[in-house]
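Here is the file coords-v2.cif (mmCIF, C-alpha atoms).
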```cif
data_start
#
loop_
_atom_site.label_atom_id
_atom_site.label_comp_id
_atom_site.auth_asym_id
_atom_site.auth_seq_id
_atom_site.Cartn_x
_atom_site.Cartn_y
_atom_site.Cartn_z
CA MET A 1 48.42 7.16 176.38
CA GLU A 2 50.20 9.97 174.56
CA LYS A 3 48.17 13.06 173.91
CA LYS A 4 48.23 13.95 170.24
CA TYR A 5 48.71 17.66 169.53
CA LYS A 6 47.66 19.62 166.45
CA ASN A 7 50.36 19.75 163.78
CA THR A 8 51.67 23.31 163.42
CA PHE A 9 54.15 22.47 160.67
CA LYS A 10 53.76 22.91 156.96
CA GLN A 11 56.11 21.41 154.40
CA GLY A 12 58.08 24.17 152.63
CA ALA A 13 57.42 27.92 152.50
CA ILE A 14 54.10 29.47 153.54
CA PRO A 15 52.49 30.99 150.41
CA SER A 16 50.92 34.46 150.50
CA GLU A 17 47.64 32.93 149.23
CA PHE A 18 47.52 30.78 152.35
CA ILE A 19 47.79 33.93 154.47
CA ALA A 20 45.09 35.70 152.42
CA ASN A 21 42.83 32.72 152.87
CA ALA A 22 43.35 32.75 156.64
CA ILE A 23 42.43 36.45 156.72
CA ALA A 24 39.35 35.95 154.53
CA LYS A 25 38.07 33.16 156.80
CA HIS A 26 37.83 35.64 159.67
CA GLN A 27 35.36 37.91 157.91
CA SER A 28 32.52 35.90 159.40
CA LYS A 29 33.78 36.60 162.94
CA LYS A 30 32.03 39.88 163.51
CA ASP A 31 33.26 40.50 167.05
CA ILE A 32 36.84 40.91 165.77
CA GLY A 33 38.10 44.49 165.46
CA ALA A 34 41.85 43.94 165.12
CA HIS A 35 44.15 41.36 163.57
CA ASN A 36 47.89 41.30 164.02
CA ILE A 37 50.09 39.12 161.85
CA PHE A 38 53.76 38.28 162.20
CA LEU A 39 55.63 36.80 159.25
CA GLY A 40 59.16 35.46 159.49
CA GLN A 41 60.98 35.70 156.15
CA VAL A 42 64.31 34.01 155.30
CA ARG A 43 67.06 36.61 154.90
CA ALA A 44 69.95 36.37 152.43
CA ASP A 45 72.49 37.02 155.19
CA GLU A 46 76.15 37.29 154.33
CA VAL A 47 78.58 35.24 156.44
CA ASP A 48 82.30 35.44 155.64
CA GLY A 49 81.55 36.54 152.09
CA LYS A 50 79.03 33.77 151.43
CA ILE A 51 75.32 34.44 150.94
CA VAL A 52 72.55 32.36 152.51
CA SER A 53 70.28 30.99 149.79
CA ALA A 54 67.85 28.94 151.90
CA ILE A 55 67.16 27.55 155.36
CA GLU A 56 66.40 23.89 155.84
CA TYR A 57 64.14 23.50 158.89
CA THR A 58 63.91 20.38 161.00
CA ALA A 59 62.21 19.97 164.37
CA TYR A 60 61.71 17.63 167.27
CA GLU A 61 58.18 17.52 166.00
CA GLU A 62 56.35 15.80 168.87
CA MET A 63 57.89 18.14 171.44
CA ALA A 64 57.47 21.19 169.19
CA ASN A 65 53.77 20.56 168.63
CA GLN A 66 53.31 20.10 172.37
CA LYS A 67 55.16 23.38 173.00
CA PHE A 68 53.12 25.20 170.35
CA HIS A 69 50.04 23.92 172.18
CA GLU A 70 51.35 25.16 175.54
CA VAL A 71 52.20 28.57 174.09
CA ARG A 72 48.67 28.75 172.69
CA GLU A 73 47.06 27.89 176.05
CA ALA A 74 49.26 30.38 177.91
CA THR A 75 48.44 33.13 175.40
CA PHE A 76 44.68 32.61 175.60
CA GLU A 77 44.94 32.67 179.39
CA LYS A 78 46.91 35.93 179.37
CA TYR A 79 45.13 37.90 176.62
CA ASN A 80 41.55 38.40 175.50
CA LEU A 81 41.86 36.91 172.02
CA SER A 82 39.15 35.73 169.63
CA CYS A 83 41.50 33.56 167.54
CA MET A 84 45.10 32.52 167.22
CA HIS A 85 46.82 30.57 164.45
CA VAL A 86 50.44 29.53 164.08
CA TYR A 87 52.18 27.83 161.16
CA HIS A 88 55.89 27.01 160.86
CA SER A 89 57.74 25.62 157.87
CA LEU A 90 59.67 22.37 157.76
CA GLY A 91 62.12 21.50 155.00
CA THR A 92 63.64 23.99 152.60
CA VAL A 93 62.56 27.64 152.57
CA GLU A 94 64.35 29.89 150.08
CA THR A 95 65.40 33.43 150.89
CA GLY A 96 62.50 35.86 150.53
CA GLU A 97 59.99 33.16 151.42
CA ILE A 98 57.88 32.99 154.58
CA CYS A 99 58.78 30.39 157.26
CA LEU A 100 56.62 31.53 160.19
CA PHE A 101 53.05 32.83 160.21
CA VAL A 102 51.47 33.93 163.49
CA PHE A 103 47.97 35.40 163.41
CA VAL A 104 46.11 36.78 166.44
CA SER A 105 42.70 38.47 166.50
CA SER A 106 40.77 40.30 169.18
CA PRO A 107 37.86 42.68 169.58
CA ARG A 108 40.39 45.43 170.45
CA ARG A 109 43.83 46.40 169.21
CA LYS A 110 45.74 46.72 172.51
CA GLU A 111 45.43 42.99 173.09
CA VAL A 112 46.75 41.90 169.70
CA PHE A 113 49.98 43.90 169.89
CA GLU A 114 51.00 42.44 173.24
CA ALA A 115 49.78 38.95 172.44
CA LEU A 116 51.58 38.71 169.10
CA GLU A 117 54.95 39.71 170.50
CA TYR A 118 54.46 37.32 173.41
CA VAL A 119 53.69 34.41 171.07
CA VAL A 120 56.61 35.09 168.73
CA GLU A 121 59.13 35.39 171.58
CA LYS A 122 57.83 32.17 173.15
CA ILE A 123 58.13 30.32 169.83
CA LYS A 124 61.70 31.53 169.33
CA SER A 125 62.79 30.50 172.83
CA GLU A 126 60.73 27.42 173.68
CA VAL A 127 59.97 25.47 170.53
CA PRO A 128 62.63 22.97 169.36
CA VAL A 129 63.01 23.95 165.71
CA PHE A 130 66.42 23.82 164.04
CA GLY A 131 67.61 25.67 160.98
CA LYS A 132 70.45 24.87 158.62
CA GLU A 133 71.47 27.92 156.61
CA ILE A 134 72.48 26.77 153.14
CA PHE A 135 74.93 28.98 151.27
CA GLU A 136 75.02 29.45 147.53
CA ASP A 137 78.10 27.18 147.31
CA GLU A 138 76.08 24.45 149.13
CA SER A 139 78.14 24.68 152.31
CA HIS A 140 76.10 25.36 155.44
CA GLN A 141 76.00 26.62 159.02
CA TRP A 142 73.51 26.11 161.82
CA LYS A 143 71.27 29.03 162.69
CA VAL A 144 70.95 30.17 166.32
CA ASN A 145 68.14 32.50 167.50
CA SER A 146 69.30 35.71 169.11
CA MET B 1 52.67 75.69 145.74
CA GLU B 2 50.91 72.93 147.63
CA LYS B 3 52.86 69.74 148.12
CA LYS B 4 50.93 66.75 146.86
CA TYR B 5 51.04 63.71 149.13
CA LYS B 6 50.59 60.07 148.20
CA ASN B 7 46.99 58.92 148.46
CA THR B 8 46.62 56.42 151.30
CA PHE B 9 42.91 55.87 150.79
CA LYS B 10 41.16 53.08 148.96
CA GLN B 11 37.51 53.10 148.03
CA GLY B 12 35.64 50.43 150.01
CA ALA B 13 36.98 47.45 151.97
CA ILE B 14 40.55 46.18 151.58
CA PRO B 15 40.38 42.68 150.04
CA SER B 16 42.52 39.83 151.40
CA GLU B 17 43.98 39.33 147.89
CA PHE B 18 45.34 42.86 148.04
CA ILE B 19 47.11 42.00 151.30
CA ALA B 20 48.48 38.74 149.83
CA ASN B 21 49.79 40.66 146.86
CA ALA B 22 51.55 43.18 149.11
CA ILE B 23 53.21 40.30 151.00
CA ALA B 24 54.26 38.52 147.79
CA LYS B 25 55.87 41.70 146.45
CA HIS B 26 58.30 41.66 149.37
CA GLN B 27 59.79 38.28 148.50
CA SER B 28 62.38 40.00 146.34
CA LYS B 29 63.57 42.08 149.34
CA LYS B 30 66.07 39.63 150.73
CA ASP B 31 67.29 41.73 153.64
CA ILE B 32 63.86 41.50 155.29
CA GLY B 33 63.55 39.01 158.16
CA ALA B 34 60.29 40.09 159.77
CA HIS B 35 56.98 41.54 158.62
CA ASN B 36 54.27 42.77 160.97
CA ILE B 37 50.80 43.51 159.72
CA PHE B 38 47.91 45.24 161.47
CA LEU B 39 44.41 44.88 160.08
CA GLY B 40 41.45 46.85 161.36
CA GLN B 41 38.17 44.99 160.85
CA VAL B 42 34.69 46.46 161.23
CA ARG B 43 32.92 44.98 164.27
CA ALA B 44 29.20 44.27 164.51
CA ASP B 45 28.94 46.15 167.81
CA GLU B 46 25.65 46.28 169.65
CA VAL B 47 24.45 49.71 170.81
CA ASP B 48 21.11 49.92 172.67
CA GLY B 49 19.96 46.68 171.12
CA LYS B 50 20.88 47.68 167.57
CA ILE B 51 23.66 45.99 165.60
CA VAL B 52 26.22 47.85 163.49
CA SER B 53 26.12 46.56 159.91
CA ALA B 54 28.75 48.82 158.28
CA ILE B 55 30.91 51.89 158.78
CA GLU B 56 30.88 54.69 156.24
CA TYR B 57 34.29 56.37 156.26
CA THR B 58 34.94 59.95 155.22
CA ALA B 59 38.10 61.99 155.71
CA TYR B 60 39.57 65.42 155.43
CA GLU B 61 41.60 63.84 152.64
CA GLU B 62 44.25 66.49 151.99
CA MET B 63 45.09 66.82 155.68
CA ALA B 64 44.86 63.05 156.23
CA ASN B 65 47.28 62.26 153.41
CA GLN B 66 49.67 64.87 154.79
CA LYS B 67 49.37 63.34 158.27
CA PHE B 68 49.91 59.82 156.89
CA HIS B 69 53.05 61.18 155.26
CA GLU B 70 54.25 62.75 158.52
CA VAL B 71 53.59 59.53 160.44
CA ARG B 72 55.58 57.66 157.82
CA GLU B 73 58.55 60.05 158.08
CA ALA B 74 58.52 59.95 161.88
CA THR B 75 58.38 56.15 161.88
CA PHE B 76 61.32 55.74 159.51
CA GLU B 77 63.28 58.20 161.65
CA LYS B 78 62.52 56.28 164.84
CA TYR B 79 62.83 52.66 163.66
CA ASN B 80 65.10 50.70 161.36
CA LEU B 81 62.50 49.63 158.80
CA SER B 82 62.99 48.31 155.28
CA CYS B 83 59.43 49.13 154.15
CA MET B 84 56.17 50.54 155.39
CA HIS B 85 52.77 50.60 153.70
CA VAL B 86 49.46 52.00 154.92
CA TYR B 87 46.01 51.79 153.34
CA HIS B 88 42.75 53.10 154.77
CA SER B 89 39.25 52.64 153.42
CA LEU B 90 36.88 55.39 152.39
CA GLY B 91 33.18 54.84 151.83
CA THR B 92 31.23 51.87 153.07
CA VAL B 93 32.94 48.93 154.76
CA GLU B 94 30.66 46.14 155.95
CA THR B 95 31.15 44.33 159.25
CA GLY B 96 33.80 41.62 158.95
CA GLU B 97 35.63 43.57 156.24
CA ILE B 98 39.06 45.20 156.54
CA CYS B 99 39.23 49.02 156.75
CA LEU B 100 42.89 49.54 157.74
CA PHE B 101 46.01 47.74 156.55
CA VAL B 102 49.39 48.68 158.03
CA PHE B 103 52.43 46.70 156.92
CA VAL B 104 55.97 47.19 158.29
CA SER B 105 59.08 45.16 157.45
CA SER B 106 62.58 45.09 158.89
CA PRO B 107 65.66 42.89 158.96
CA ARG B 108 64.83 42.05 162.62
CA ARG B 109 61.69 41.39 164.56
CA LYS B 110 62.13 43.72 167.56
CA GLU B 111 61.80 46.75 165.30
CA VAL B 112 58.58 45.70 163.60
CA PHE B 113 56.63 45.14 166.82
CA GLU B 114 57.39 48.58 168.18
CA ALA B 115 57.05 50.33 164.85
CA LEU B 116 53.67 48.80 164.01
CA GLU B 117 52.07 49.78 167.30
CA TYR B 118 53.55 53.27 166.98
CA VAL B 119 52.09 53.70 163.49
CA VAL B 120 48.64 52.42 164.40
CA GLU B 121 48.37 54.63 167.49
CA LYS B 122 49.50 57.65 165.48
CA ILE B 123 46.92 56.96 162.78
CA LYS B 124 44.14 56.62 165.34
CA SER B 125 45.04 59.87 167.11
CA GLU B 126 46.39 62.16 164.38
CA VAL B 127 44.71 61.39 161.09
CA PRO B 128 41.35 63.09 160.42
CA VAL B 129 39.20 60.14 159.38
CA PHE B 130 35.55 59.98 160.41
CA GLY B 131 33.32 56.95 160.72
CA LYS B 132 29.55 56.71 160.62
CA GLU B 133 28.34 53.44 162.12
CA ILE B 134 25.29 52.30 160.19
CA PHE B 135 22.83 50.08 162.04
CA GLU B 136 20.72 47.36 160.51
CA ASP B 137 17.65 49.61 160.69
CA GLU B 138 19.58 52.29 158.72
CA SER B 139 19.87 54.66 161.67
CA HIS B 140 23.44 55.65 162.53
CA GLN B 141 25.85 57.02 165.13
CA TRP B 142 29.29 58.60 164.81
CA LYS B 143 32.25 56.48 165.83
CA VAL B 144 34.87 57.87 168.23
CA ASN B 145 38.28 56.26 168.72
CA SER B 146 39.08 55.19 172.25
CA MET C 1 37.98 88.92 157.38
CA LYS C 2 36.13 86.47 155.19
CA VAL C 3 37.11 82.81 155.71
CA GLU C 4 35.92 79.59 154.20
CA ILE C 5 35.28 76.80 156.67
CA LYS C 6 35.15 73.07 155.98
CA TYR C 7 32.95 70.77 158.04
CA PHE C 8 33.36 67.02 158.38
CA GLY C 9 31.52 64.01 159.74
CA MET C 10 28.87 64.73 162.34
CA LEU C 11 29.59 68.47 162.09
CA ALA C 12 28.72 68.50 158.40
CA GLU C 13 25.59 66.63 159.38
CA ILE C 14 24.71 69.41 161.85
CA THR C 15 25.47 72.25 159.44
CA GLY C 16 23.92 70.52 156.44
CA CYS C 17 26.85 71.67 154.30
CA SER C 18 30.53 70.81 153.87
CA THR C 19 31.90 74.33 153.28
CA GLU C 20 30.64 77.72 154.30
CA ARG C 21 31.86 81.33 154.09
CA PHE C 22 32.09 83.17 157.37
CA THR C 23 32.92 86.79 158.21
CA VAL C 24 34.96 87.04 161.40
CA VAL C 25 35.83 90.13 163.41
CA ASP C 26 37.94 88.56 166.17
CA LEU C 27 41.04 87.15 164.49
CA LYS C 28 41.78 84.56 167.18
CA MET C 29 40.55 81.01 166.71
CA ALA C 30 38.61 81.32 169.98
CA GLY C 31 36.50 84.06 168.43
CA LEU C 32 35.64 81.96 165.43
CA LYS C 33 34.74 79.04 167.67
CA LYS C 34 32.37 81.25 169.66
CA GLU C 35 30.60 82.33 166.47
CA LEU C 36 30.35 78.76 165.27
CA LEU C 37 28.80 77.69 168.57
CA LYS C 38 26.33 80.56 168.37
CA LYS C 39 25.24 79.53 164.88
CA TYR C 40 25.35 75.77 165.58
CA PRO C 41 24.63 75.16 169.28
CA ASP C 42 24.76 71.37 168.65
CA PHE C 43 28.52 71.67 168.07
CA ALA C 44 28.74 71.86 171.88
CA ASN C 45 27.71 68.20 172.08
CA THR C 46 30.91 67.05 170.42
CA ASP C 47 34.59 67.33 171.17
CA PHE C 48 35.45 69.21 167.98
CA ARG C 49 38.89 70.61 167.08
CA MET C 50 39.99 73.35 164.69
CA ALA C 51 42.58 73.01 161.93
CA GLN C 52 44.19 75.74 159.85
CA ASN C 53 46.22 74.94 156.76
CA LYS C 54 45.94 71.21 157.65
CA GLU C 55 47.37 71.53 161.15
CA LEU C 56 45.45 71.37 164.42
CA VAL C 57 45.46 74.74 166.17
CA THR C 58 44.52 76.12 169.59
CA ASP C 59 42.17 78.88 170.76
CA THR C 60 44.97 81.43 170.72
CA THR C 61 46.08 80.76 167.15
CA LEU C 62 45.62 83.72 164.82
CA LEU C 63 43.44 83.25 161.77
CA THR C 64 45.36 83.47 158.52
CA GLY C 65 42.26 82.59 156.58
CA LYS C 66 43.99 79.67 154.92
CA GLU C 67 41.95 76.43 154.81
CA ILE C 68 40.08 76.40 158.10
CA ALA C 69 38.37 73.17 159.11
CA VAL C 70 36.22 72.03 162.01
CA LEU C 71 36.95 68.40 162.89
CA PRO C 72 34.85 66.02 164.94
CA PRO C 73 36.60 63.22 166.91
CA PHE C 74 38.82 61.01 164.75
CA ALA C 75 37.68 57.47 164.05
CA GLY C 76 40.29 56.04 161.70
CA GLY C 77 41.24 52.37 161.70
CA MET D 1 69.79 1.32 182.41
CA LYS D 2 69.40 1.28 178.65
CA VAL D 3 68.06 4.49 177.17
CA GLU D 4 67.33 5.60 173.64
CA ILE D 5 68.55 9.04 172.72
CA LYS D 6 67.35 11.32 169.92
CA TYR D 7 69.70 13.77 168.24
CA PHE D 8 68.67 16.84 166.26
CA GLY D 9 70.17 19.46 163.97
CA MET D 10 73.91 19.94 164.24
CA LEU D 11 74.10 17.25 166.93
CA ALA D 12 72.67 14.64 164.57
CA GLU D 13 75.22 15.86 162.07
CA ILE D 14 78.01 15.19 164.61
CA THR D 15 76.72 11.76 165.65
CA GLY D 16 75.80 10.73 162.12
CA CYS D 17 72.57 9.24 163.42
CA SER D 18 69.23 10.49 164.75
CA THR D 19 68.65 7.89 167.49
CA GLU D 20 71.05 5.73 169.46
CA ARG D 21 70.86 3.25 172.37
CA PHE D 22 73.03 4.05 175.36
CA THR D 23 73.72 2.14 178.58
CA VAL D 24 74.03 4.51 181.55
CA VAL D 25 75.23 3.73 185.07
CA ASP D 26 74.75 7.18 186.68
CA LEU D 27 71.01 7.87 186.69
CA LYS D 28 71.36 11.65 186.82
CA MET D 29 71.19 13.67 183.59
CA ALA D 30 74.67 15.05 184.36
CA GLY D 31 76.11 11.56 184.12
CA LEU D 32 74.54 10.95 180.73
CA LYS D 33 75.82 14.30 179.49
CA LYS D 34 79.34 13.37 180.58
CA GLU D 35 79.18 10.11 178.64
CA LEU D 36 77.83 11.90 175.58
CA LEU D 37 80.68 14.42 175.68
CA LYS D 38 83.18 11.56 176.02
CA LYS D 39 81.78 9.84 172.96
CA TYR D 40 81.21 13.06 170.98
CA PRO D 41 83.74 15.72 172.05
CA ASP D 42 82.34 18.09 169.39
CA PHE D 43 79.15 18.43 171.44
CA ALA D 44 81.21 20.77 173.63
CA ASN D 45 81.25 23.34 170.81
CA THR D 46 77.52 23.91 171.07
CA ASP D 47 75.12 25.06 173.74
CA PHE D 48 73.06 21.87 173.77
CA ARG D 49 70.22 21.09 176.18
CA MET D 50 68.64 17.83 177.31
CA ALA D 51 64.94 16.97 177.19
CA GLN D 52 63.16 14.03 178.77
CA ASN D 53 59.60 13.15 177.84
CA LYS D 54 59.43 16.38 175.77
CA GLU D 55 60.40 18.71 178.61
CA LEU D 56 63.72 20.45 179.06
CA VAL D 57 65.55 19.08 182.11
CA THR D 58 68.56 20.05 184.23
CA ASP D 59 71.72 18.20 185.24
CA THR D 60 70.13 16.98 188.46
CA THR D 61 67.05 15.46 186.82
CA LEU D 62 66.80 11.70 187.27
CA LEU D 63 66.62 9.57 184.15
CA THR D 64 63.32 7.79 183.72
CA GLY D 65 64.42 6.46 180.38
CA LYS D 66 61.44 7.99 178.66
CA GLU D 67 62.18 9.76 175.36
CA ILE D 68 65.52 11.44 175.95
CA ALA D 69 66.65 14.03 173.42
CA VAL D 70 69.73 16.19 172.95
CA LEU D 71 68.78 19.58 171.50
CA PRO D 72 71.03 22.15 169.83
CA PRO D 73 70.12 25.86 170.04
CA PHE D 74 66.60 26.64 168.80
CA ALA D 75 66.24 28.51 165.51
CA GLY D 76 62.49 28.69 164.90
CA GLY D 77 60.87 31.60 163.12
#
```

Target format structure tokens, applied to this file:
Amino acid sequence: MEKKYKNTFKQGAIPSEFIANAIAKHQSKKDIGAHNIFLGQVRADEVDGKIVSAIEYTAYEEMANQKFHEVREATFEKYNLSCMHVYHSLGTVETGEICLFVFVSSPRRKEVFEALEYVVEKIKSEVPVFGKEIFEDESHQWKVNS
Amino acid sequence: MEKKYKNTFKQGAIPSEFIANAIAKHQSKKDIGAHNIFLGQVRADEVDGKIVSAIEYTAYEEMANQKFHEVREATFEKYNLSCMHVYHSLGTVETGEICLFVFVSSPRRKEVFEALEYVVEKIKSEVPVFGKEIFEDESHQWKVNS
Amino acid sequence: MKVEIKYFGMLAEITGCSTERFTVVDLKMAGLKKELLKKYPDFANTDFRMAQNKELVTDTTLLTGKEIAVLPPFAGG
Amino acid sequence: MKVEIKYFGMLAEITGCSTERFTVVDLKMAGLKKELLKKYPDFANTDFRMAQNKELVTDTTLLTGKEIAVLPPFAGG
């Protein structure tokens, strides 16, 4: 029996209304004193005179969702958080659009700063997501996290 | 001649739509790769069996706006940021509502994590804002940052 | 020297007013603080700080008379 | 042993397919990697890693045949 993990992926860019909605939902959680949000945005990088116009994300989805789950468990174990939400784009995300949304909440601020950075670094290094940078002339190169 | 500083205060709670709008405005800034957002939310703390229902914020506004400006200058000097925005509530903010919104953006993620924490700690320690915690029975106590 | 003093937060609650004129003899901040504590003994219950011309100052700072404020603990955020 | 291999990102671009059946004789991951590099010399240009049953594995890991994947550098976020 395979365990089925929550799907962290969303098709396309993450709209700002989606983020607003996630924030608004936490107004009923009255023990929360601090939220910290990380947003990854696609940059129009220049490579050899060509400008990136979009990133096309693919993933080893089953493994990625399992890794997202493991990162979540490890983070709750390490930090005193009230909530944590992660969303990552799949498919095409244009420059200027949001491709990663990480949202942590806690009674106190110290916890959210450390927890958010921990989660983002873990996602970058442990979750099998792949990005094809599409240039304006439709050529491409494969993105590598630094 | 007194220098006039930008007003960082907003009357009442900061709505989630306002935050969404601030995020959306940055989609045209195509050198940005990472945003980091801190939100302070009013907690329904319990003190001697009474529950906080709101905080009423006041400030030494002229000094506070000058201090916000100084924090802003110091942060841009210290970190490679593309943008930085800060909003703080004045007046009554109910529990579950947002009273502080700090938004920093940079080409790269390392900068935003450090910069955001720096800004929030500076605001807490250097900006003369005062908070009256109102209990459900309409009694109150004065909040002190820890 | 005559100075105008601003009170905020719980200090304004204690004084019952947000600005007040004060005549000071000792021109060091410490002297003004002593007079404030004499008039408002409840100030001693809080960790208040003094600002002059929108900057925090110490006991040894000289009064210039420009925008003096008594600030209770900060609670922003 | 027959194993099915998944390819992702630039590796799938090199192979031209996203899954492929492979017959391996050496049951260590290193052996499979060697055969992959023989078939796809361009794999050598990237820093690829192997996963088995959704966990990253090393050269000395034994093949169980369960869900083997070849992963190019991660680029999430």

May I ask which of the residues B:Gln41, B:Asn7, B:Asn145, B:Ser53 is the closest one to chain A, counting all atoms listed in the file?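 Among the listed residues, B:Gln41 lies closest to chain A.
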
Report as a tab-separated table the residues of chain A within 8 Å of chain D, each with its shortest atom pair and distance in Å (one decimal), using only C-alpha atoms, ordered by chain and increasing residue number.
```
residue	atom	partner	partner_atom	distance
A:Gly40	CA	D:Gly77	CA	5.6
A:Thr58	CA	D:Gly9	CA	7.0
A:Ala59	CA	D:Phe8	CA	7.4
A:Tyr60	CA	D:Phe8	CA	7.1
A:Glu62	CA	D:Lys54	CA	7.6
A:Met63	CA	D:Lys54	CA	4.9
A:Gln66	CA	D:Lys54	CA	7.9
A:His88	CA	D:Gly77	CA	7.1
A:Cys99	CA	D:Gly77	CA	6.3
A:Leu100	CA	D:Gly77	CA	5.2
A:Val120	CA	D:Gly77	CA	7.9
A:Ile123	CA	D:Gly76	CA	6.8
A:Lys124	CA	D:Gly76	CA	5.3
A:Ser125	CA	D:Phe74	CA	6.8
A:Glu126	CA	D:Phe74	CA	7.7
A:Val127	CA	D:Phe74	CA	7.0
A:Pro128	CA	D:Phe74	CA	5.4
A:Val129	CA	D:Gly76	CA	4.8
A:Phe130	CA	D:Ala75	CA	4.9
A:Gly131	CA	D:Ala75	CA	5.5
A:Lys132	CA	D:Gly9	CA	7.6
A:Trp142	CA	D:Met10	CA	6.6
A:Lys143	CA	D:Ala75	CA	5.8
A:Val144	CA	D:Ala75	CA	5.1
A:Asn145	CA	D:Ala75	CA	4.8
```

A straight line from atom CA of Ile14 of chain D to atom CA of Leu36 of chain D spans 11.5 Å

Neighbour list for Ala34 of chain B as a list of chain:residue names, cut-off 6 Å, all atoms listed in the file, skip fewer than 4 positions in-chain: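 In the requested form, the answer reads A:Leu39, A:Gly40, A:Gln41, B:Ser105, B:Ser106, B:Arg108, B:Arg109.
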
Within 7 Å of chain B, which residues belong to chain A? Use only C-alpha atoms and report them as a tab-separated table (two decimals) with C-alpha atoms, keeping the file's coordinate frame.
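Below is the file selection-v1.tsv, written as the result:
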```tsv
chain	number	residue	atom	x	y	z
A	16	SER	CA	50.92	34.46	150.50
A	17	GLU	CA	47.64	32.93	149.23
A	19	ILE	CA	47.79	33.93	154.47
A	20	ALA	CA	45.09	35.70	152.42
A	23	ILE	CA	42.43	36.45	156.72
A	24	ALA	CA	39.35	35.95	154.53
A	27	GLN	CA	35.36	37.91	157.91
A	28	SER	CA	32.52	35.90	159.40
A	29	LYS	CA	33.78	36.60	162.94
A	30	LYS	CA	32.03	39.88	163.51
A	31	ASP	CA	33.26	40.50	167.05
A	32	ILE	CA	36.84	40.91	165.77
A	33	GLY	CA	38.10	44.49	165.46
A	34	ALA	CA	41.85	43.94	165.12
A	35	HIS	CA	44.15	41.36	163.57
A	36	ASN	CA	47.89	41.30	164.02
A	37	ILE	CA	50.09	39.12	161.85
A	38	PHE	CA	53.76	38.28	162.20
A	39	LEU	CA	55.63	36.80	159.25
A	40	GLY	CA	59.16	35.46	159.49
A	41	GLN	CA	60.98	35.70	156.15
A	42	VAL	CA	64.31	34.01	155.30
A	43	ARG	CA	67.06	36.61	154.90
A	44	ALA	CA	69.95	36.37	152.43
A	95	THR	CA	65.40	33.43	150.89
A	96	GLY	CA	62.50	35.86	150.53
A	97	GLU	CA	59.99	33.16	151.42
A	113	PHE	CA	49.98	43.90	169.89
A	117	GLU	CA	54.95	39.71	170.50
```

Report the distance between atom CA of Leu90 of chain A and atom CA of Val119 of chain A in Å, rounded to one decimal place.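 So the two atoms, atom CA of Leu90 of chain A and atom CA of Val119 of chain A, lie 18.9 Å apart.
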
List as a list in words the protein and nucleic acid residues near segment 22-28 of chain D, meaning an atom at most 10 Å away when all atoms listed in the file are counted, but skip any in the same chain fewer than 2 places from it. Met1, Lys2, Val3, Glu4, Ile5, Thr19, Glu20, Ala30, Gly31, Leu32, Lys33, Lys34, Glu35, Leu36, Thr58, Asp59, Thr60, Thr61, Leu62, Leu63, Thr64 and Gly65 of chain D

Selection under test: the PyMOL selection byres ((chain A and resi 91) around 9); residues as a list in words: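 This file gives the following for the PyMOL selection byres ((chain A and resi 91) around 9): Lys10, Gln11, Gly12, Ala13, Ile55, Glu56, Tyr57, Thr58, Ser89, Leu90, Thr92 and Val93 of chain A.
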
Nearest to Thr15 of chain D among D:Met50, D:Leu37, D:Ile68, D:Val57, with distances taken over all atoms listed in the file: which residue is it?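 The shortest atom-to-atom distance to Thr15 of chain D comes from D:Leu37.
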
Contacts of Gly49 of chain B within 12 Å, all atoms listed in the file, excl. fewer than 5 positions in-chain, as an MDAnalysis selection string: chainID B and resid 44 135:137

Residue nearest Tyr87 of chain B among B:Lys4, B:Glu138, B:His69, B:Phe9 (counting only C-alpha atoms): B:Phe9

Could you jot down the atom CA of Val71 of chain B to atom CA of Glu111 of chain A separation for me, Å, one decimal place?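 So the answer is 22.4 Å.
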
What's the 9 Å shell around Arg72 of chain A, counting only C-alpha atoms, without same-chain residues fewer than 3 positions away, as a compact mmCIF listing (two decimals) with C-alpha atoms, in the coordinates of the input?
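Final output, saved to result_18.txt:
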```txt
# COMPACT_ATOMS: atom_id res chain seq x y z
CA LYS A 67 55.16 23.38 173.00
CA PHE A 68 53.12 25.20 170.35
CA HIS A 69 50.04 23.92 172.18
CA THR A 75 48.44 33.13 175.40
CA PHE A 76 44.68 32.61 175.60
CA GLU A 77 44.94 32.67 179.39
CA MET A 84 45.10 32.52 167.22
CA HIS A 85 46.82 30.57 164.45
CA VAL A 86 50.44 29.53 164.08
CA VAL A 119 53.69 34.41 171.07
```
